[in-house]
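Some notes on the structure that comes next.
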Amino acid sequence: MRSNVGGEEDQGNPRNADARAQAEESDGQGRRILINLPQGQKYKSNEISTAKYNLFTFIPKFLFEQFRRYANIFFLCIGLLQQIPGVSPTGKYVTIVPLFVILTITAVKEMVEDIKRHKADSKVNHTKVKVLTSAGEWIHKKWMEVCVGDILNIENSSFFPADLILLASSEPQGMCYIETANLDGETNLKIRSGLVCTSELTDPKNLARLTGQVEAEQPNRSLYEFAGNIVLSGEQAVPVSATQLLLRGARLRNTNWVHGLVVYTGHESKLLMNSTKAPLKRSTVDIVTNYQIIFLFVILVCLSLISAIGNLVKGNNGEDHEFYIKADSNLNNGFGWQFITFFILYNNLIPISLQVTLEIVKFIQAYYMNWDEAMHYIDPEMGVDSYALARTSNLNEELGQIKYVFSDKTGTLTRNVMEYKKCSVAGVMYDPEREFGKQLGHKDLVDNLKQGTNSPEMISDFLTLLTVCHTVIPEQGEDGVTRYNAASPDEKALVEGAEKYDYRFVARRPESVTIKTCTGKMETYQVLNVIEFTSTRKRMSIVVKTPSGEIKLYIKGADSVILERLGQNREQREHYDTTLNHLEEFAKCGLRTLCLGVATIPLAQYEEWNRRWVVASTAINDREEQIDEVATSLETNLTLIGATAIEDKLQDQVPETIEKLLEANIHVWMLTGDKQETAINIAKSCRLHRDNSDLFIINSRSPEEAREEIQEQLKELKKDGLVGKSNDITLVTDGKSLNYTLLPDMRKDFIDLCTSCRAVVCCRVSPIQKADMVELVKEHTGAITLSIGDGANDVAMIQKAAVGVGISGNEGLQAANSADFAIAQFRFLSRLLFVHGAWNYSRISKVILYSFYKNITLYIIELWFAIYNYWSGQVIYERWTIGMYNLFFTSAPPVALGLFDRTCTAATREEYPSLYHSTQKSEFFNHREFWKWIANSIVHSVLLFWLPQMAMYFGVSWESGQTDGYLVLGNTVYTLVVVTTCLKAGIEMDAWTWFSHGSIWGSIALWFLFLVIYSHIWPSAKFVASNMAGMSEILLSSPVFWFCLLLVPTVTLLADVAFRAIKTTVFTTETDKIRIAEVMNKEVAVYVEGGRRPISETSRLLRNVRKRFRKNKQRQEEQATMEMDVRHGYAFSQEEAGAVSQGEYIRRYDTTRPRIPQVPQMAPKVPPRKPKVHEV
């Protein structure tokens, strides 16, 4: 076992000398890592944390989070002021105790939610990996125990636990396949290759004897760059680059095992350096409420000042009524003390119960989402059984106001599975699922070949191309089934597609490939040259010598480059038009297309060309240009074979979901690390980009070019007044262009252009660029944003958005662990937003508004009463009933509103996304709505105080000789307030349930029950007010009380009922119409106004824009080529400029030789021991 701390060794030990030298040199640039020696300095632990809190930071962070809410600061100040003797008219503990209870409940909720994050982190940190010991044996250690300098053994399909330098693998010359979809979103596998000096170290005993050091740059966030050296003992330094780097978050594929040396761990790994710190998010409703509380606080101060001044004026006029109050020698009766008294008296204008109610409601709302069977995903084949998960309940209502959705592509929209679907050969389409036209299946193609019909020679060339022109490696498993390993998922799909026609790729040797035809015949093709695919060339060619001795060039690529290289003979272009039509038909289905061609090359021409090819391949200067020139000279005079169509399988119902999001007026942006052609192809297949939409592409090579393109496009939009509108435009840009467009002087114009487009596609972007795009939209538009993804490369974007959603049903849970909400499939996003989001927003809005309403209605009456008590600070209500008001008598109605109220059913909301518009526009909670409710509460308080006050104006007496007093008036008013506020909640409810009825009628009944009991427990209980004894008999036996009980709530709520009726019948909204239709069991569809705006005028203006667009001839040609590729569905995934060139890669393999995978030697199991303490 090695440790990062080697202080136990003797100082004279040469190993310690190496360690000291390492520590001294590491103080400069870079770090030196000793191989199979203790490290001389501490490095970051490999333990990771995505949680918000830990044991030490919980209290300060939690208190900071809570006291960012002005309401909590306010109640804390009130609670402290109430501790001053002789000042508080309401008691010492009526505020501080509820505040403490609220904070305790909130703290428990936060702890429960964060414990879930800690458990998810613990699952990752406790994953096991094989680590080499000094004895040359493999032992299992937890990921969190892995240290810099450890040598690990990673097996096939496993994730890398840290950033590693590849030493050796089970493949020839230390090669391995890795999947980086978790990092950059690319679907194709990438090849990494070990160094020659370490690639033969496959035996753990030899690996344990390896000594030397690795010089590496300091940790940084660049995923695609790495510079270092490895210096083995007694040898020269060998450079190490990104070709040998295996990043945390990537996954080993199609390779039995690799050995790697750990260079960066934990939060110093490149993946986590691209992540941002977990933010403390707040909902927009919470922020708006904060501002409203400030306004109410100002009003509270003004009311306190008015009351204190009133007290001062009355006192100066000789009207001193202190004898009403039990005064003592320490009575604080100055102006300042009077101000504090009234400040405490009116403090309940800001409801302390609101925080408790919101916490309860949001917590249960979160479980509504967690328990929703409609968002329960089960996949028996993959072993997935996943419910939706609300990892925080603080953002429930944000889901109802989303304006922008930022989505990853790989694993979020797509399944990362390529499947061969159909083809066009010699002008004939073979598509077993074709709906229109002649339907021919795969069997028909084989029959045509065997029967010699429909161009059999061309069919033969087609099948040969599929099985020969690729970089796939066949591997026969223990079960005898041949499996294909490929860096390109497209090539793998084509080879597997050939099997549908009984053509099989059998073996690969360094100089040849062997295939098995549909007749069972084995054919061997000698591979002469491989001309690699690049995104610039958009094609791949292979020159082979056929079994008959012919030299042929097989080529596949984009239609824009293949078709222009066709020969002029009729036979060569015979099926040109038909193939183009088929390409467009494939593209409309969202399929990835490739065009295929062939050319027969005379021997003399080939020999002359091959000489030039060798010269170009070995050129010192301008090698790439010379290779391209020579390759182009051969890739001419082609004969068109046809085209293939591959499906990049989408997640279930992705197109329908995106269509619903767009109909709900939500802008959908795709941010992916994948290639531009692939991104556009997926945008088409998922209906983000439509055939009749305009395509704006920004591929800039410099800041000046980026500025020119943006301003050129923006200028044309401004001419027709289209800036800022949801135009039928898809904007496509790449990561390199974003480096320029996100510069400070271009950000404003760039975001103006983006927000003028219906959809935006950003490809080849890094995780940080994804987060920057989200932040740019948030800053510029102020809109509420949502990011959704499934990989570690999406974490920064998820954390930056107002709401982060992670896909939990796929492999790897980095995104789900860092998100606010987790769902198993992208299709569940529509239900999360349109149903739960809209309901949550509407419910939370009503809870907040109603909570302010009921408190102001009750407590502003203290102000009206102050007019009659000479501004003395006397309370009209009994002290205990004040505390019980929010605790018992009006606590249930807001909970009923928050949990059970809804306008439309879930099915209706999912079917008609346009219903989302009202919540998206924040119609239910804004400054105007807030102050409407405040004004309503003030009007109600006036009626609820003065109507009974006038009824008792001349006094009320009873047969027993008792007369009314302030407390009789106070309890009468209190009763009317309870009844009125409960009935007001009923008026605001759109859906009545058993809980709704119980909350309203039960609250009213509870008050009367409390009144009866409370009136009869004195003097048995001394803590109650003595003047409340017999109060129930006094009230219930008074005709005036019953008269007020019937009249006052009716008069008070009459205007509210009338307003509601007029609003529903005269000014009926779409939601109201649908709600009424549902109640009356009528057809809903006839009441839906529709979601998308008519775009006929916009389309006309856009055509004008396009005519004036692109004056630069070269850029115009590039744009035309790109649009042609998009129209015909071209897309192809292949690693470019990889660790091993495509030509060299296929020549390293000889699949006819048996390969015996090494089984790493494991150390015997020993009892666990306490690990040494290492770095923080």
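Following the order of the structure tokens, first chain is A, next is B, and so on, with residues numbered from 1 inside each chain and ligands from 1 in the order they appear.
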Discussion item. I need the residues of region 940-996 of chain A that end up classed as alpha helix (DSSP H) by DSSP on the backbone, written out as a PyMOL selection string.
Written reply: chain A and resi 940-951+966-988+994-996
Output of the above residues as a PDB file, in the first residue's frame, restricted to C-alpha atoms:
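Written output follows (result-v2.pdb):
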ATOM      1  CA  HIS A 940     -62.766  44.030   4.452  1.00  0.00           C
ATOM      2  CA  SER A 941     -61.199  45.136   7.745  1.00  0.00           C
ATOM      3  CA  VAL A 942     -63.097  48.434   7.580  1.00  0.00           C
ATOM      4  CA  LEU A 943     -66.418  46.644   7.108  1.00  0.00           C
ATOM      5  CA  LEU A 944     -65.631  43.963   9.676  1.00  0.00           C
ATOM      6  CA  PHE A 945     -64.810  46.568  12.351  1.00  0.00           C
ATOM      7  CA  TRP A 946     -67.217  49.435  11.753  1.00  0.00           C
ATOM      8  CA  LEU A 947     -70.363  47.455  10.944  1.00  0.00           C
ATOM      9  CA  PRO A 948     -70.420  45.598  14.321  1.00  0.00           C
ATOM     10  CA  GLN A 949     -69.096  48.736  16.041  1.00  0.00           C
ATOM     11  CA  MET A 950     -72.080  50.689  14.721  1.00  0.00           C
ATOM     12  CA  ALA A 951     -74.414  47.860  15.670  1.00  0.00           C
ATOM     13  CA  TYR A 966     -64.303  46.340  24.301  1.00  0.00           C
ATOM     14  CA  LEU A 967     -63.733  42.586  24.637  1.00  0.00           C
ATOM     15  CA  VAL A 968     -67.302  41.773  23.586  1.00  0.00           C
ATOM     16  CA  LEU A 969     -66.768  43.915  20.524  1.00  0.00           C
ATOM     17  CA  GLY A 970     -63.350  42.364  20.023  1.00  0.00           C
ATOM     18  CA  ASN A 971     -64.638  38.762  20.128  1.00  0.00           C
ATOM     19  CA  THR A 972     -67.540  39.671  17.860  1.00  0.00           C
ATOM     20  CA  VAL A 973     -65.156  41.210  15.340  1.00  0.00           C
ATOM     21  CA  TYR A 974     -62.785  38.259  15.743  1.00  0.00           C
ATOM     22  CA  THR A 975     -65.610  35.813  14.999  1.00  0.00           C
ATOM     23  CA  LEU A 976     -66.625  37.764  11.904  1.00  0.00           C
ATOM     24  CA  VAL A 977     -63.023  37.877  10.702  1.00  0.00           C
ATOM     25  CA  VAL A 978     -62.602  34.095  11.076  1.00  0.00           C
ATOM     26  CA  VAL A 979     -65.869  33.427   9.222  1.00  0.00           C
ATOM     27  CA  THR A 980     -65.151  35.959   6.465  1.00  0.00           C
ATOM     28  CA  THR A 981     -61.546  34.926   5.807  1.00  0.00           C
ATOM     29  CA  CYS A 982     -62.471  31.236   5.697  1.00  0.00           C
ATOM     30  CA  LEU A 983     -65.295  31.921   3.241  1.00  0.00           C
ATOM     31  CA  LYS A 984     -62.923  34.103   1.197  1.00  0.00           C
ATOM     32  CA  ALA A 985     -60.653  31.071   0.791  1.00  0.00           C
ATOM     33  CA  GLY A 986     -63.662  29.150  -0.502  1.00  0.00           C
ATOM     34  CA  ILE A 987     -64.397  31.853  -3.075  1.00  0.00           C
ATOM     35  CA  GLU A 988     -60.814  31.653  -4.353  1.00  0.00           C
ATOM     36  CA  TRP A 994     -63.304  16.946   1.043  1.00  0.00           C
ATOM     37  CA  PHE A 995     -60.242  18.653   2.558  1.00  0.00           C
ATOM     38  CA  SER A 996     -61.372  22.017   1.180  1.00  0.00           C
TER      39      SER A 996
END
Worksheet item: Within 6 Å of Leu413 (chain A), counting only C-alpha atoms, which residues qualify if same-chain residues fewer than 3 places away don't, as a ChimeraX atom specification?
Response: /A:409,650-651
Worksheet item: Which residue out of A:Asn621, A:Gly873, A:Ile96, A:Leu312 has the minimum interatomic distance to Ile73 (chain A) when only C-alpha atoms are used?
Response: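 Answer, going by the shortest atom-to-atom distance: A:Ile96.
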Discussion item. Quick check for you: according to DSSP on this backbone, which residues of region 806-868 of chain A are classed as strand (DSSP E)? Reply as an MDAnalysis selection string.
Written reply: chainID A and resid 806:807 821:823
